[in-house]
Structure formats: structure tokens, C-alpha cells
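J.: Before we start, here is the structure in question, set down as C-alpha cells.
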Amino acid sequence: MNLFRSEDHARRWPQFRPESDEGFISLHDLVGFFGTESRQHMLDADYLSRWYPRRADERRSYLTQIGKSSPFWLGTPAPSR
Amino acid sequence: MRPVFGAMTPNAASNPDVIDRVWTRITRTLIDTGRPPHYAELAHWLGVSPSESRTILHAVMDAYPIGWLHPETDYIASFPPLNGLPTQYRVTVRGEQKWFAQCGFEATSVTWLFPGERVRVDVACLDCGDPLTLEMLDGRVTWVDPPTVVGHLNYGFGPSRGRPPFL
């Protein structure tokens with residue numbers, strides 16, 4: 001879960017995994033992904049009990065909205081081959 | 001310092017209110033000082049023994065599994081979006097660089113801990129070591145250099161993600 005100067009830089013990174021070719025996300029989408037409603041309540045006294053549990057659904061919904069609905073992004077089991 | 005809870009019940013570690021307050025205390029300590037507290041420091045604040053505080057800390061980490069203790073220790077290594085251990089994601093607020101983000105993705109979330117403040121993230125690119133900079137204010141990107149900056153997920157989320165300390 002890193003930031004790179006560009007996609008080319010990420011691909012040149014010696015630890016780049018070829019399987020992660022679908023792992024790119026634009027800065028705009030990333031800011032939205034990590035700025036969903038629950039994130040905006042991290043300073044609330046009840047964040048952990050009230051807001052944190054909403055995070056997973058928010059993430060799935062946002063990722064689907066931006067077209068990242070593969071098992072790689074959603075953390076769901078990959079289809080059997 | 002006067003304990004915040006008075007006399008603790010024996011099962012404080014299972015009390016959601018206690019867990020909430022300790023989560024908030026850890027986050028606030030990170031915001032204020034740039035480092036996470038040790039459970040022995042939390043003990044004084046909670047008004048419990050260090051041993052009880054350690055149990056409560058572990059309950060908090062169980063409830064917040066996106067953070068973690070350093071392996072084989074009780075030290076808070078990561079408490080996202082901020083990190084106790086230094087990372088390449090250096091965070092500057094009000095001209096002071098004393099925070100680290102957990103990872104590049106969480107770096108874009110640090111802005112929500114500093115409302116009304118410009119949050120700058122300076123990163124050394126893992127490929128070339130050259131700098132990249134991101135500045136945000138209340139969830140909006142106000143500056144990025146170079147403009148080609150991208151996020152990259154090397155392991156998928158879920159079971160394929162790998163061991164958390166090695167994101």
C-alpha cells in the first residue's frame with residue numbers, strides 16, 4: 001500500500017509483484033477510498049464502537065463504485081480455476 | 001493525575017466504553033506527541049495496574065486489527081492512520097514533522113486527524129528514492145508533486161494480503 005512517483009516507478013520497484021498489475025489506484029480515487037464517512041469521524045469519542053464497524057461496508061461500496069470489484073481489491077476468495 | 005474511570009471493574013477489558021476511550025487516548029497521544037503511549041502510561045491515566053492496562057491494550061488491538069503491536073512485544077507499532085514505527089511516509093503539520101503514516105494509502109487519511117490544518121506527506125519513492133509530496137486540507141488534495149503520483153497495492157486485500165507488519 002504505497003505511493004509512487006508514477007506507475008512506471010512502481011513497475012520498476014524490485015518488489016513489484018506481477019500479480020499486482022491491477023493494484024494501481026489514482027490519487028483522486030485513493031483520497032475518496034480513505035476518506036469515506038467513517039474516516040471523517042476518527043476524532044469522535046465513540047469512533048471505535050460506532051464508526052469503525054461501518055468501514056468494511058463503506059470500502060466495498062466505494063471500491064465497487066470506482067470499478068475495483070475484483071477479489072484482489074475486495075478481499076474475497078478468487079474464483080476457483 | 002486523577003484516573004478517568006475511578007475504580008475499574010474486573011472486566012474493564014470487555015467494557016466497550018473503556019475500549020472506546022483507550023482507542024481515543026492512543027490516537028490523541030499520537031496526534032499530540034507523534035508517538036503512541038506505552039500501556040504503563042495508560043495505566044496511570046486509567047487508574048489501573050500496569051498489568052490490567054496491558055490486558056485492556058490487547059483488547060483494544062483485538063477490536064482494531066488494522067493496527068498491530070510489534071511482534072513479540074506490547075509496543076504499539078502501528079495505529080492507523082499513524083504509525084509508531086517510522087515509515088517512509090513522513091507527516092508534517094504546522095511546519096513540524098513528527099508523525100509517520102502507516103502506509104501510502106493511510107497517508108491520505110491523516111488529514112482527518114488534523115481538521116483545519118494543512119497536512120503534508122513527504123515520501124521517498126521506493127523505486128528511485130526521489131521525493132514525492134502530497135499536501136491535504138480537510139480531505140482535499142491541495143498540492144501534489146509530481147502530478148503523476150499513484151497508489152499501488154502489491155498484495156490484494158483479504159487473505160492474500162500477507163503479514164501486516166510487512167505491508
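Labels for the C-alpha cells follow display order: chains A, B, ..., residues from 1 in each chain, ligands from 1.
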Within stretch 83-135 of chain B, find each residue whose DSSP state, derived from the backbone, is alpha helix (DSSP H), and express the selection as a PyMOL selection string.
T.: chain B and resi 104-107
J.: Write out as a tab-separated table a residue-level contact list of chain B versus chain A with cut-off 6 Å: for each qualifying residue the closest pair of atoms and the distance in Å to one decimal, counting only C-alpha atoms, rows sorted by chain and residue number upward.
T.:
residue	atom	partner	partner_atom	distance
B:Asp20	CA	A:Leu48	CA	5.6
B:Cys103	CA	A:Met1	CA	5.9
B:Gly104	CA	A:Asn2	CA	4.3
B:Phe105	CA	A:Met1	CA	5.7
B:Thr108	CA	A:Val31	CA	5.7
B:Ser109	CA	A:Phe34	CA	5.5
B:Trp112	CA	A:Gln40	CA	5.7
B:Cys125	CA	A:Phe4	CA	5.5
B:Asp127	CA	A:Trp13	CA	4.7
B:Thr148	CA	A:Ser6	CA	5.1
B:Val149	CA	A:Arg5	CA	4.5
B:Val150	CA	A:Ser26	CA	5.1
B:Gly151	CA	A:Leu3	CA	4.6
B:His152	CA	A:Phe24	CA	4.5
B:Leu153	CA	A:Gly23	CA	4.6
B:Asn154	CA	A:Ser20	CA	5.2
B:Gly156	CA	A:Phe72	CA	4.4
B:Phe157	CA	A:Gly75	CA	4.4
B:Gly158	CA	A:Gly75	CA	3.9
J.: Please run DSSP on the backbone and report, as a ChimeraX atom specification, all residues within chain A that come out as strand (DSSP E or B).
T.: /A:2-4,24-26
J.: Measure the distance from atom CA of B:Ser53 to atom CA of B:Leu82 in Å and round it to one decimal.
T.: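 Atom CA of B:Ser53 sits 21.4 Å away from atom CA of B:Leu82.
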J.: What is the distance between atom CA of B:Val48 and atom CA of B:Pro65, in Å to one decimal?
T.: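 Distance reported for this atom pair: 23.9 Å.
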